[in-house]
Each structure stands twice: as structure tokens, then as C-alpha cells.
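Notes for the one structure printed next.
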Amino acid sequence: MHLSFGEGAGARPMDHKIISKKELRLHNKGYNFLWLMHMAWRDSRKSRSRLFLFISSIILGIAALVAIYSLGNNLQDEVNNQAGSLLGADLEISGSQPTTRAIQRIVDTLGGKRSAQQSFASMVMFTKNGGTRLTEVRALQGAFPYYGSLETSPVPAGHTFRNNQQALVDETLMLQYDAKVGDSIKVGDVTFAIAGKLLNAPGQTGLSASIAPIIYIPLQYMKQTALAQKGSRISYRYYFKFNSNVEVEKLVQDIKPRLEANDLHYETVEGQKEDTGRFFSNLTRFLSLVGFIALLLGCTGVASAVHVYIKEKVNAIAVLRCLGVKASQAFVIYLIQIIGIGFIGSLIGTALGVFIQQFLPYVIKDILPVKVSTPVSGPAVLQGMTLGIIISVLFALLPLLSIRKISPLNALRVSYEPPLRQSDPMKWLVYALIIIFVYGFTLIQLENWKKALYFTGSITAALLILTAIARALMWMIRHFFPSSWNYLWRQGLANLYRPNNQTTILIISIGLGTALICTLLFVQSVLINRITLSTSTNQPNIVLFDIQSKQEDSVAALAKKFGLPVNERVPIVNMRLEDVNGITAAQARNDSTKGFSRWLFSREYRVTYRDSLTESEKITDGTWKGKAGVSGLPEVSLEKNFAKRSGVKRGDKLTFNVQGSLMKTIVGSLREVNWGGIQTNFLVLFPTGLLEDAPQFHVLLTRVPSQQVSANFQQAMVKAYPNVSIIDLGLVLHVLDDLLSKIGFVIRFMAGFSIVTGIVVLISSVLISKYQRLQESVLLRTLGGSRKQIFAITALEYFFLGALAAFTGILLALAASWGLAYYTFETPFHPEVLPVVVLFVLVCLLTVITGLANSRGILNRSPLEVLRVEV
Amino acid sequence: METILNLHGVSKIYKSGSRELTVLDNVSFSIDAGSTMSIIGPSGSGKTTLLGLCAGLDRASSGSVELQYTKLENLNEDQLAAVRNKYIGFIFQNFQLMPTLTAVENVMVPLELRGEKKVRVRSMDLLDKVGLADRSHHYPAQLSGGEQQRVSIARAFSNKPLILFADEPTGNLDAETSSIIVKLIFDLNTEAGTTLVLVTHDADLAAKTQRIIQLKGGRIMADRPTMEMV
């Protein structure tokens, strides 16, 4: 072999300074960014599938966010496009009092086309089978809706019912009571022919229909129904359609003082657009936070996987450093790889998100007031891509930073001091950046710095708690190792804390996913239990309201005739608050220093009067005087939390407007009220001797032993007293269950992304650690370990991992649910054992199956085959 | 002859908690440009540490390392990287080829780092010289140990180094392959006039260099021309 290198280095003229600043500049210029890109590409050759595996953890998180963002953007567009048909008119004016002369004058002066509607809760009865149900009756006059339509089947029914003694009945209600078009329905004293099924009305959602099914009747029959009596809670609405040259917003501003003076509210298309937009914006923001948790989980997986990846690259990086690559440039080579896979992961996640978005409207269809189309949303795609790249790089930076500390000496000596353990102040900067990023993202979603801080704090705390528990468990296993156990168990346990283990990251990801799902289950059961417990004891389960004073005794007698107990008879008087210590609503609005809440003056108060407290009430401040004295202001009692929220104290003077008559009172006491259980509770309690002659209605509580008795009793009640409304708590429970299921499904759907992300992180971790564990598995096989033994060790390892993660997640969920039950729902928390056990077993099983499925390559092949192929 | 490498009272101490481990203790010597030298000694005598200090891979705890009259301890990490790229070549016991690069790409790296042109042609030329032109597109895992070391040698000479450090270059090879590799290194060295510093256990290999430094317990026990040592 003849070798010739031209001019030998030894023959080169030698400078006394071997490296000048100029040379250094040239050196830096020599390997430019293009070379770094090229090197990153070449270095990734044998690792691309593994790199993709790392980034697969973020795909679902990105997908969830893009889907939610797309839905949010499309919803906003649809709300903007369909705002007119949401309201059905240009302007809606509403109030709770019958049309007075003043109101009529306002309505008359506005001009344009006009419709009127009176709506109220009422029992209806299907005459064919005697089925009764509490519904929302809307008595309509005019051509409303002016935008959109009353969607009916048959279609003409939406118009024809208005001029006949006919009704439109909610589609689901007709299905429930086996009613057909042409059948009759009794509303109050009037029987209407069912003209058609009501499929949709302006602003109606599936959820609102299931809570209070809607029935339309013509307004001209309202009087005949005899449902409008003194004290009845009827909402009066007027709908207007103006010519296109009318500026509705300006018009509203002009009449606003007159509207307020008459206790009237208004809604315009713009207002409706804002309100609906705000609701859905809040909803998508909340859902995007749930999706963001999945993304964060995925990112912890990315950080862990990149950590392992870089550990394996230490030697290659050291060689590059020997050849003259600067530490910063070695760092950039791998940063480019991460940006590259972050980009690809985000791209796939975004594509998946666009796909998922096609199905999201079906998931939340029950709460959608508009029809949503699902075009690709450019801003959502951009947001998803940007978020994916930034967050994957941020989390990968933690292990990437250690590249800067890899000494070229590692090329000479493998056992050189481990570079990845050296402390690095830059890591703290990255931690700070991550927290700032999470906070910033949350702040954008929540638009409230405090809530964003709580969210970021909670997520950080959850991650820290999970990390601490994982570390503590590993430490305990290591130090309190049951040495008497057989080898397979010991080895399975020992794998949890061996070098390069993935225990912490898996406990975090699977544990957090478990915690999310478990908390949802707990909260749902807390809410359901609260009602179920009330209905399962001897407490009342039927509430009769809107009972007129003259009907009170005969309604009670009818209940007794059915053998039903009368648990409570309560009078209720509607009133408004006129002033507090002489300060009126207008004065309070103009002076925020008064500290009164906004709704203190705007709400309608339903109060009762009695001379004693119930078992659910306890005076916490002042004394309760059950009878109004002959001298001095009468003393009322306020619920203490209501008083606190409203900014009212004991001793404050309140003037109530009792349907036209002013009544001065003083806050004599504050009460603690137990809102759990089924009984009537009130924010404001009056003593006897004041309201007995005021317009009022009564509530009666009773308990029916069975559904059959309930149906018969309700039927008899509707026949005898059509104005009396009946709330069947069994039905409420059913509706609540349905409601929680629907909302729970949406949240579970989003939380599912976290669980699946946990599984992806698990698969990714198993596959990554597969390369690490090959050596020891092969060694075990070589030393005579059977396939069965290695299978058992692997299965035990994943069982312990799943068990620790599930246990930790359930512990967190218990703590969170207890907090929610105690502080938010103010109810005792008794977690159900069975769902917890099922969840625990499921998580363990899933972990073991995933672990084994991805380790089968090691288990099924001969040691030599594995070594040749895998190493 | 001009001195290319000069060490003055170099010590290397590792600290582990409160314990100190002196790996090199007050080592001083110099090497003439174009000469060949071996560092020998038992395991743990500090050979590899000394090589690392001479090549600017590590910093001495005390003393001074001068390469071409420049004190390496005065250079920052980036300057040291530039020095390694421009003036130093390495041959490792376990070859240390980038597993993700083909043979020719491994040879190209130092040239690419220097921003030179036609690096592929020149690297192919080098591979041809070490007899591996037909394996240029193979990855290290597809090459035998001897072939990998030949790629490593081609890479070491690709940047026309002033000084070449070889750490146990035949340590992982069988006797027959070792002799081919040794011949290759010395032939190339002679052709290029490069200074060669070898770290080895192999007395026969050490005997091929002009000078041998013998280390024991981090100190130089002997520093003689080869003929006197063997």
C-alpha cells in the first residue's frame, strides 16, 4: 500500500500561536448551520423510528388541542353566522310581570313586526294514556321566529298551530309518552290537538329539552288554560323584527332607562352572539385545558425518552468533540433532531386533531344551539403546530442541556464521571421557562391570572407529588426489600429501581391519567349520591308548587286520599330588593365602593315566613325572632354565605318590593343552612305577621312509595288542579344522571386523551428500555433462565409499575375529590370501593398487557438471535 | 528539532467527596516534531489520563501543557475544539466510529468541520489508501474490527494533523490484524511526518517508536530512547 498525503503536516511552517482569534472565527464559520443540519440528519439514521416513538407521546395532546381549537373557531363562526336564528328576532324584551300600561307603551313605540310569548313551567297530560309531565309551556302570538324557524314534523305544523287549538310538543317527550301527531294534550283547562313534533326552536339545545321539554300553544288560549293566576311565575317576552335601516343597539340604548324602570330585560342579536360566544369560548377553554394536561403528560414522556436517547449518544458526542465539534454545536445537532421530530409529531397530531374534530360536534351535540360544520381551521392548525414544537423542545431541552457537559474524554474512557448528573444552572432556567410557558398558556385560556396560577400550581404540585411518591416507593422497595421472596419476585421488584429505569415517568403519566379519570368518577358519584341518598330515605320525593292559597287545603287532602304524608307546607312570596340602607340599585351600580354584589338588586327573591327554624337551619349571628313585633323594623334572617357574597351584614336595613308594596326590614340574624337533603330552604326568611296577606303560592312536599302511585297521584292532581306543578325527584335524578353523563362523557372524552397518552408513554418507555434490558435478559437466558421465568419477571415488573401508578393516582383522586366534596359541594365524601378496585385492576392489567406485548421480541427469540438483530 | 509538545509539572487530581485521588503526579517531558513515542505502564498508571491532557481533552489540576508553544490551559473549550480539529488526530482502542455514519462519512467529518471543499473525493481517496474504497458505504456495524480501525486511521489522518494520539490502537484486534494496523499507522506517519504518541500495553508495539515513557502510579518511572528500554 503506497501512501501519499501530499504536503505533510510536519513540513508545514509553524506559528508560535497555534490558534488565533481569526482562526477560531474561521473554525466556527467552517461548520455552518447547514452542516449541523446535515449532521443531525445523518446522526438520526439509525434512530428515526425511536425518535418518532419519543414524539408519539405528544401526538394525542396536540390532536386534542387542535380538535378543540378547531371546534371553538368553527363554533364562533357559526354563532356569528346564525346569531339571528339563535334569538329568532332583532330584539327580545322580557320581564316577569304582566303587561302594564307603561310596558305596553314601550312595546308600542318600538314599531317593526312584533310577537309576544308567555312561558311558564306547567304540568301537562297526554289524554290518551294519562301520562303527566312537568314541561315548559310557551304561549306564542305572532310570526316569531323571524330568523330561523320552529322546526317541526310535519313542517307546516310550525305555522298552522298558531291559528288553531293546537300544540307543538317536544319530539323526545312525544316519544316518551308514546304520543302521535293528532293525539291530545291537556295544558291547564284546555285540551289541544298535537299539530306536530317540535324538533328544534331558536336557541334550544338537546340538554335544555331534556331538562324542560317545550310545548308551544297559541297565546290566545292562555286565559282559558287558567294557568295565569296571581303569584304564578310567568315569563313575558316580546320579540321584534325591524327594517334593516334600524340601528337596534342604538334603539336599545335609548329605551334602556325605561326598560330598567319597568324591570324589563333585553337581548339583541349582538348580545346573544356575545353571550353564546362567551359560553362556548369558556367551554372550549376548559376542554383545551384538559387536552393540555394530556400534552403535558406526553411532554414528560418526551423528556424521559430524550434523556435515555442522549445517554446512549454520549459516546458519539464525545467522539465528535474529539474531532473538533464545539459543545454548543453538539447541542445544536441534537436540538435540530428534536425540533424535527417535534415538527413531525405536531404535524401528525394536527392532522389527527383535524380528523377528531369531525366527530366532536357529535360528542357535544346536546349542548349545541347551532349546527356546526367542520372545515379545517387555519388558526387552530397554526396554534397546534406552534404549541407542539415549542413544548416538545422545551421539555426535551432538559436532557439536551447535558450534551454541553459531555467531555471528549468519554471517547477514551467509558467510565468517565457521568456527565448527565452534573448540576447545571441552565436547567433551572429551562424549568422556569416551562413553568412560564404553562402559566402563559393557561392565562390565555382562562383570562384570569389567579385561576391560571391555581391551575399551574395544581399541575406542578400533582407532578411533584407523583414524583415524590414514585421516588419514595422506589426507595422503600430498595431498602425494605423482602429478601425472603423468591427470585422472580425480587427481580421483578428490583427492575423498578435499576439504572435507567422508567419508573418515575411511568408513575407520573399513568398516575396522572388515573387520577383524572378517578376524580371524574368520584365527583359524579358525589353529585348523584347527594340526590340518591335524599330520595332513598323517608325524605320527600315529590314537590308540588304553584299551589294557590285557596287550593292549599284541598291539595293536601288529595295527597292524604292517596295515603301520602304531607311532609311540608310552605308559603312562598316573590319580591325584589329595593334598597339596602337607603342605597338603591342605581346608586350601588354607580359606586362600586359600596361593596354590594351585582345581582343583589337584580334577582327575584322567593321568601317564606314562619315562626321557627327548621332542622336544617342554625343561627350563627344574632337572634331569630319568629314573630314580627309591634314596634321597630321587622327582623329578617339571611343565609350567611348569601349575606357574605352580597356584602350585607347584620343590622343592615333592607327595603323589599313585595309586588308593588314596599316593606322595610332589618337583618336581625344570619343563618347557616344545610342545602343537602330534600326540603325547602330560603336565602331570606321572614317572621310571621307580615306577609300572610301578600300574593303568594304554596309548596307542598310529600313522599310517594312507588312510580305507579306517583303516576296516579300526578294524574289526579293535574286533572283536579291543572295549575299545580309537580317535580318528581325520581325524574330529576334521572335528568341529572343524564345531564352528568352527557357532560361527563365530554370530559371523559378529553381525559381519555391523557389516559391514552399515558399508554403511549408506557409503550414508548418499554420500547426504549427494551434496548437497555436486552443485555440482562440475554444474560439470564444464557445462564439458563427459561422463557417462562423471564416472562414472569417482566409481568411482575409491569404489574408493580401499574399497581404503584394506579395506587398513586387513586390517592391523588381521593384527595382532590374529598376537597371538591367538602369545600365545593359541601357534602360528606364516601368513596365507593368497587369502581376504585375496578379502575385499579384495569390500570394494572393495561400496564402488564402493554409491557408484555412490547417485550415479546425479547421473550420469544433465542439469545443469539436477539443479540444479532437488536444490539 | 523543534519541540511540538511540552509538559511542565503536570498533575491530575480527582476529587470524590473529601477524598483526593492523584492520577498524575508532577509529570514533565517534551516531544520533538515528527518523532514517535510510546507511553507504557500497568493499568491505572495514568497513561490514558496523560494522553487526554496532551490532546487537550482534559485540563490538568496543576502544571502546564504546551502544544506548539501554546499553553492549552489558557484556551477555552471552543479554542480547544478548534485546536483538536486543526492539529490533532486520534486513533482509539475501540475505534470510536460514528455508528450512524458510513465509512466515508466518518472520514469526511473532520474535513467538513474545517469547511473544506471536495471532502467526499478526498475521503474516498483516503479510504482507498487504507484499502477500503469498496466498503465506503458500509456502516461501522457492517465492518470487521480491523476494517473499522482502518477507517479510524483514515479519519485520523484526514485533517493532516501535527500530532497523532493513538490509544491502544491494537487492543481490540487479533494478532494478524494488529500487525496490519500497526504497519498502516507507521507508514502513514512516516509519509506525513506526523508526530505520533502511542499509549499501549504492548511492548512490541512500543518498541516500534523512537522513545518510550514508562508510567507507574502517575509518575514517570523511565523516559529513554527505545533501544535503551527494550
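Chain labels follow the order of the C-alpha cells: the first chain is A, the next B, and so on; residue numbering restarts at 1 in every chain, and ligands are counted from 1 in their shown order.
Residues in contact range of Ala207 in chain B, defined as at most 12 Å between only C-alpha atoms, with sequence neighbours fewer than 4 positions away removed, read Thr36, Met37, Ser38, Ile39, Ile40, Val182, Leu198, Val199, Thr200, His201, Asp202, Ala203, Arg211, Ile212, Ile213, Arg224, Pro225, Thr226, Met227, Glu228, Met229 and Val230 of chain B.
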>> At a cut-off of 8 Å, which residues of chain B touch chain A? Count only C-alpha atoms and give the answer as a VMD selection string.
In response: chain B and resid 33 to 34 48 52 57 to 58 67 to 70 77 to 86 89 to 90 92 96 to 101 109 to 110 112 to 116 129 to 131 160 to 162 167 187 to 188 191 to 195
Export of the given selection (N, CA and C atoms) as a short mmCIF file (atom, residue, chain, number, x, y, z; two decimals), in the first residue's frame:
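Printed below is selection29.cif as written:
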```
data_model
loop_
_atom_site.label_atom_id
_atom_site.label_comp_id
_atom_site.auth_asym_id
_atom_site.auth_seq_id
_atom_site.Cartn_x
_atom_site.Cartn_y
_atom_site.Cartn_z
N ALA B 33 8.92 17.50 17.16
CA ALA B 33 8.04 17.38 16.00
C ALA B 33 8.52 16.26 15.09
N GLY B 34 7.60 15.45 14.62
CA GLY B 34 7.91 14.37 13.69
C GLY B 34 8.42 13.11 14.33
N THR B 48 -3.83 6.86 30.04
CA THR B 48 -4.93 7.47 29.27
C THR B 48 -5.18 8.91 29.73
N GLY B 52 -5.08 12.17 27.44
CA GLY B 52 -6.18 13.13 27.39
C GLY B 52 -5.70 14.56 27.63
N LEU B 57 -8.02 17.18 25.72
CA LEU B 57 -9.36 16.64 26.02
C LEU B 57 -9.74 16.92 27.46
N ASP B 58 -8.74 17.22 28.28
CA ASP B 58 -8.98 17.42 29.70
C ASP B 58 -8.01 18.50 30.18
N LEU B 67 1.26 23.02 23.52
CA LEU B 67 1.26 22.40 22.20
C LEU B 67 1.67 23.48 21.22
N GLN B 68 2.76 23.23 20.56
CA GLN B 68 3.27 24.21 19.59
C GLN B 68 3.37 25.61 20.24
N TYR B 69 3.98 25.61 21.42
CA TYR B 69 4.26 26.84 22.18
C TYR B 69 3.00 27.54 22.70
N THR B 70 1.88 26.88 22.60
CA THR B 70 0.65 27.48 23.13
C THR B 70 0.20 26.70 24.34
N GLU B 77 -12.88 26.19 25.89
CA GLU B 77 -13.33 24.91 25.31
C GLU B 77 -13.47 25.00 23.80
N ASP B 78 -13.97 26.12 23.31
CA ASP B 78 -14.15 26.28 21.86
C ASP B 78 -12.81 26.31 21.14
N GLN B 79 -11.84 27.00 21.77
CA GLN B 79 -10.50 27.08 21.17
C GLN B 79 -9.84 25.70 21.17
N LEU B 80 -10.06 24.96 22.27
CA LEU B 80 -9.50 23.60 22.33
C LEU B 80 -10.10 22.73 21.23
N ALA B 81 -11.43 22.89 21.01
CA ALA B 81 -12.09 22.11 19.95
C ALA B 81 -11.47 22.46 18.60
N ALA B 82 -11.22 23.74 18.39
CA ALA B 82 -10.62 24.18 17.12
C ALA B 82 -9.22 23.60 16.97
N VAL B 83 -8.47 23.57 18.08
CA VAL B 83 -7.11 23.01 18.05
C VAL B 83 -7.17 21.54 17.67
N ARG B 84 -8.08 20.81 18.30
CA ARG B 84 -8.19 19.38 18.01
C ARG B 84 -8.52 19.14 16.55
N ASN B 85 -9.41 19.96 16.04
CA ASN B 85 -9.83 19.79 14.65
C ASN B 85 -8.71 20.11 13.68
N LYS B 86 -7.90 21.07 14.02
CA LYS B 86 -6.89 21.58 13.07
C LYS B 86 -5.56 20.86 13.18
N GLY B 89 -4.88 14.42 15.64
CA GLY B 89 -5.59 13.24 15.15
C GLY B 89 -5.70 12.22 16.26
N PHE B 90 -6.77 11.42 16.22
CA PHE B 90 -6.97 10.41 17.26
C PHE B 90 -7.21 9.03 16.65
N PHE B 92 -8.49 5.37 18.43
CA PHE B 92 -8.94 4.83 19.71
C PHE B 92 -8.87 3.31 19.72
N GLN B 96 -14.16 3.88 17.83
CA GLN B 96 -14.97 5.09 18.02
C GLN B 96 -15.42 5.72 16.71
N LEU B 97 -15.95 4.90 15.84
CA LEU B 97 -16.57 5.46 14.63
C LEU B 97 -18.01 5.84 14.97
N MET B 98 -18.52 6.83 14.26
CA MET B 98 -19.92 7.20 14.49
C MET B 98 -20.79 6.09 13.88
N PRO B 99 -21.58 5.40 14.72
CA PRO B 99 -22.32 4.24 14.20
C PRO B 99 -23.36 4.59 13.15
N THR B 100 -23.76 5.86 13.13
CA THR B 100 -24.83 6.25 12.20
C THR B 100 -24.29 6.77 10.87
N LEU B 101 -22.96 6.86 10.77
CA LEU B 101 -22.35 7.36 9.53
C LEU B 101 -21.68 6.21 8.79
N VAL B 109 -15.99 13.72 8.30
CA VAL B 109 -16.38 14.64 9.38
C VAL B 109 -15.31 15.70 9.71
N PRO B 110 -14.03 15.30 9.99
CA PRO B 110 -13.06 16.34 10.34
C PRO B 110 -12.87 17.38 9.22
N GLU B 112 -15.17 18.21 6.93
CA GLU B 112 -16.38 19.03 6.89
C GLU B 112 -16.35 20.08 7.99
N LEU B 113 -15.84 19.65 9.14
CA LEU B 113 -15.75 20.59 10.26
C LEU B 113 -14.86 21.77 9.92
N ARG B 114 -13.86 21.51 9.08
CA ARG B 114 -12.95 22.59 8.69
C ARG B 114 -13.52 23.40 7.54
N GLY B 115 -14.67 23.00 7.06
CA GLY B 115 -15.31 23.74 5.97
C GLY B 115 -14.59 23.56 4.65
N GLU B 116 -13.90 22.43 4.51
CA GLU B 116 -13.13 22.24 3.27
C GLU B 116 -14.03 21.76 2.13
N LYS B 129 -6.60 4.52 0.19
CA LYS B 129 -5.23 4.33 0.68
C LYS B 129 -5.18 3.30 1.82
N VAL B 130 -6.27 3.21 2.61
CA VAL B 130 -6.27 2.19 3.67
C VAL B 130 -6.94 0.90 3.18
N GLY B 131 -7.25 0.83 1.88
CA GLY B 131 -7.76 -0.39 1.29
C GLY B 131 -9.23 -0.65 1.50
N LYS B 160 -4.72 16.09 8.25
CA LYS B 160 -3.27 16.31 8.21
C LYS B 160 -2.79 16.85 9.55
N PRO B 161 -2.90 16.05 10.62
CA PRO B 161 -2.60 16.57 11.95
C PRO B 161 -1.11 16.80 12.18
N LEU B 162 -0.81 17.70 13.09
CA LEU B 162 0.58 17.89 13.51
C LEU B 162 1.00 16.74 14.41
N ASP B 167 -4.58 5.56 21.19
CA ASP B 167 -4.81 4.93 22.50
C ASP B 167 -5.06 3.44 22.29
N ASP B 187 3.42 3.58 8.57
CA ASP B 187 3.66 4.01 7.19
C ASP B 187 3.09 5.40 6.94
N LEU B 188 1.86 5.55 7.38
CA LEU B 188 1.19 6.85 7.19
C LEU B 188 1.94 7.94 7.94
N GLU B 191 5.06 8.86 6.10
CA GLU B 191 4.74 9.62 4.89
C GLU B 191 4.37 11.07 5.22
N ALA B 192 3.55 11.20 6.27
CA ALA B 192 3.02 12.54 6.58
C ALA B 192 3.93 13.33 7.49
N GLY B 193 4.89 12.68 8.09
CA GLY B 193 5.82 13.37 9.00
C GLY B 193 5.13 13.83 10.26
N THR B 194 4.10 13.13 10.64
CA THR B 194 3.31 13.49 11.83
C THR B 194 4.01 13.00 13.09
N THR B 195 3.86 13.74 14.17
CA THR B 195 4.35 13.28 15.47
C THR B 195 3.37 12.23 15.98
#
```
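Here CA of Trp624 in chain A and CA of Ile583 in chain A stand 25.1 Å from one another.
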> Between A:Val290, A:Leu804, A:Ser122, A:Arg278, which is the closest to Met474 in chain A once you count only C-alpha atoms?
Replying inline: A:Leu804
>> Calculated over only C-alpha atoms, which of the candidates B:Val10, B:Leu111, B:Val27, B:Ala60 has the smallest distance to Asp223 in chain B?
In response: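 Of all the options, B:Val27 lies closest to Asp223 in chain B.
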>> Here is a test: counting only C-alpha atoms, which residue of A:Gln659, A:Gln789, A:Ser754, A:Gln708 is nearest to Leu516 in chain A?
In response: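 Looking only at the distances to Leu516 in chain A, the closest residue turns out to be A:Ser754.
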> Got a sec to tell me which of range 530-606 of chain A DSSP assigns to alpha helix (DSSP H), as a VMD selection string?
Replying inline: chain A and resid 530 to 536 552 to 561 585 to 590 599 to 602
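Within 7 Å of range 91-100 of chain A, once only C-alpha atoms are used and residues closer than 6 positions along the same chain are dropped, the contacting residues are Ile234, Ser235, Tyr236, Arg237, Tyr238, Tyr239, Phe240, Lys241, Asp263, Leu264, His265, Tyr266, Glu267, Thr268 and Val269 of chain A.
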File dump, residues just selected, N, CA and C atoms, as a PDB file, in the first residue's frame:
```pdb
ATOM      1  N   ILE A 234     -94.642  33.517  35.616  1.00  0.00           N
ATOM      2  CA  ILE A 234     -94.715  33.529  34.151  1.00  0.00           C
ATOM      3  C   ILE A 234     -93.680  34.519  33.619  1.00  0.00           C
ATOM      4  N   SER A 235     -93.005  34.101  32.561  1.00  0.00           N
ATOM      5  CA  SER A 235     -92.046  34.999  31.921  1.00  0.00           C
ATOM      6  C   SER A 235     -92.711  35.588  30.677  1.00  0.00           C
ATOM      7  N   TYR A 236     -92.691  36.907  30.583  1.00  0.00           N
ATOM      8  CA  TYR A 236     -93.345  37.595  29.452  1.00  0.00           C
ATOM      9  C   TYR A 236     -92.264  38.070  28.491  1.00  0.00           C
ATOM     10  N   ARG A 237     -92.402  37.698  27.240  1.00  0.00           N
ATOM     11  CA  ARG A 237     -91.399  38.101  26.238  1.00  0.00           C
ATOM     12  C   ARG A 237     -92.072  38.754  25.039  1.00  0.00           C
ATOM     13  N   TYR A 238     -91.339  39.735  24.484  1.00  0.00           N
ATOM     14  CA  TYR A 238     -91.806  40.405  23.257  1.00  0.00           C
ATOM     15  C   TYR A 238     -90.653  40.332  22.258  1.00  0.00           C
ATOM     16  N   TYR A 239     -90.971  39.866  21.070  1.00  0.00           N
ATOM     17  CA  TYR A 239     -89.933  39.741  20.036  1.00  0.00           C
ATOM     18  C   TYR A 239     -90.212  40.758  18.929  1.00  0.00           C
ATOM     19  N   PHE A 240     -89.146  41.405  18.458  1.00  0.00           N
ATOM     20  CA  PHE A 240     -89.298  42.443  17.434  1.00  0.00           C
ATOM     21  C   PHE A 240     -88.417  42.147  16.224  1.00  0.00           C
ATOM     22  N   LYS A 241     -88.973  42.485  15.051  1.00  0.00           N
ATOM     23  CA  LYS A 241     -88.152  42.461  13.835  1.00  0.00           C
ATOM     24  C   LYS A 241     -88.274  43.845  13.210  1.00  0.00           C
ATOM     25  N   ASP A 263     -88.422  47.031  35.230  1.00  0.00           N
ATOM     26  CA  ASP A 263     -87.874  45.687  35.496  1.00  0.00           C
ATOM     27  C   ASP A 263     -87.880  44.797  34.260  1.00  0.00           C
ATOM     28  N   LEU A 264     -87.597  45.407  33.122  1.00  0.00           N
ATOM     29  CA  LEU A 264     -87.555  44.633  31.881  1.00  0.00           C
ATOM     30  C   LEU A 264     -86.101  44.387  31.469  1.00  0.00           C
ATOM     31  N   HIS A 265     -85.867  43.246  30.874  1.00  0.00           N
ATOM     32  CA  HIS A 265     -84.528  42.925  30.359  1.00  0.00           C
ATOM     33  C   HIS A 265     -84.592  42.908  28.842  1.00  0.00           C
ATOM     34  N   TYR A 266     -83.466  43.041  28.205  1.00  0.00           N
ATOM     35  CA  TYR A 266     -83.480  42.998  26.739  1.00  0.00           C
ATOM     36  C   TYR A 266     -82.329  42.130  26.236  1.00  0.00           C
ATOM     37  N   GLU A 267     -82.483  41.652  25.056  1.00  0.00           N
ATOM     38  CA  GLU A 267     -81.429  40.880  24.397  1.00  0.00           C
ATOM     39  C   GLU A 267     -81.459  41.211  22.913  1.00  0.00           C
ATOM     40  N   THR A 268     -80.298  41.514  22.352  1.00  0.00           N
ATOM     41  CA  THR A 268     -80.208  41.795  20.914  1.00  0.00           C
ATOM     42  C   THR A 268     -79.403  40.675  20.257  1.00  0.00           C
ATOM     43  N   VAL A 269     -79.379  40.707  18.930  1.00  0.00           N
ATOM     44  CA  VAL A 269     -78.613  39.693  18.202  1.00  0.00           C
ATOM     45  C   VAL A 269     -77.140  39.771  18.613  1.00  0.00           C
TER      46      VAL A 269
END
```
> To one decimal place, how far is CA of Gln357 in chain A from CA of Gly440 in chain A in Å?
Replying inline: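 Atom-to-atom, CA of Gln357 in chain A to CA of Gly440 in chain A, that is 24.8 Å.
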> Smallest atom-to-atom distance to Phe95 in chain B: which of B:Asn172, B:Ser45, B:Ser18, B:Gln142, using only C-alpha atoms?
Replying inline: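 When distances to Phe95 in chain B are compared using only C-alpha atoms, the smallest one comes from B:Asn172.
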>> Env of Ser64 in chain B: 12 Å cut, atoms = only C-alpha atoms, seq-sep filter 6 positions within chain, self excluded. Answer as a VMD selection string.
In response: chain B and resid 5 to 12 26 to 30 53 to 54 56 70 to 75
Those selected residues, please, written with C-alpha atoms and delivered as an mmCIF file, in the first residue's frame.
```cif
data_model
loop_
_atom_site.group_PDB
_atom_site.id
_atom_site.type_symbol
_atom_site.label_atom_id
_atom_site.label_comp_id
_atom_site.auth_asym_id
_atom_site.auth_seq_id
_atom_site.Cartn_x
_atom_site.Cartn_y
_atom_site.Cartn_z
ATOM 1 C CA LEU B 5 4.563 19.213 22.868
ATOM 2 C CA ASN B 6 5.906 20.270 26.222
ATOM 3 C CA LEU B 7 4.606 19.260 29.669
ATOM 4 C CA HIS B 8 5.797 21.040 32.834
ATOM 5 C CA GLY B 9 4.975 19.533 36.245
ATOM 6 C CA VAL B 10 1.565 18.264 35.180
ATOM 7 C CA SER B 11 -0.610 16.724 37.864
ATOM 8 C CA LYS B 12 -4.160 15.468 37.709
ATOM 9 C CA ASN B 26 4.236 16.172 38.540
ATOM 10 C CA VAL B 27 4.828 14.793 35.041
ATOM 11 C CA SER B 28 7.203 16.677 32.735
ATOM 12 C CA PHE B 29 8.509 15.832 29.289
ATOM 13 C CA SER B 30 8.630 17.180 25.767
ATOM 14 C CA LEU B 53 -4.228 16.068 28.833
ATOM 15 C CA CYS B 54 -1.727 16.116 25.949
ATOM 16 C CA GLY B 56 -6.473 18.927 25.082
ATOM 17 C CA THR B 70 0.652 27.478 23.127
ATOM 18 C CA LYS B 71 -0.426 26.727 26.658
ATOM 19 C CA LEU B 72 -3.577 24.654 26.347
ATOM 20 C CA GLU B 73 -4.765 25.668 29.819
ATOM 21 C CA ASN B 74 -5.124 29.228 28.512
ATOM 22 C CA LEU B 75 -7.560 28.181 25.795
#
```
> To one decimal place, how far is CA of Gly271 in chain A from CA of Asp591 in chain A in Å?
Replying inline: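 Interatomic distance, CA of Gly271 in chain A to CA of Asp591 in chain A: 24.8 Å.
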Taking only range 95-196 of chain B into account, list the residues labelled strand (DSSP E or B) by DSSP (computed from the backbone), as a tab-separated table (two decimals) with C-alpha atoms, in the first residue's frame.
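New file result.tsv:
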```tsv
chain	number	residue	atom	x	y	z
B	163	ILE	CA	0.35	15.25	16.18
B	164	LEU	CA	-1.45	11.92	16.29
B	165	PHE	CA	-2.55	10.28	19.53
B	166	ALA	CA	-3.27	6.55	19.44
B	167	ASP	CA	-4.81	4.93	22.50
B	195	THR	CA	4.35	13.28	15.47
B	196	LEU	CA	2.99	10.05	16.93
```
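Closest approach to Pro399 in chain A among A:Ser458, A:Gln383, A:Gln82, A:Ser304: A:Ser304, based on only C-alpha atoms.
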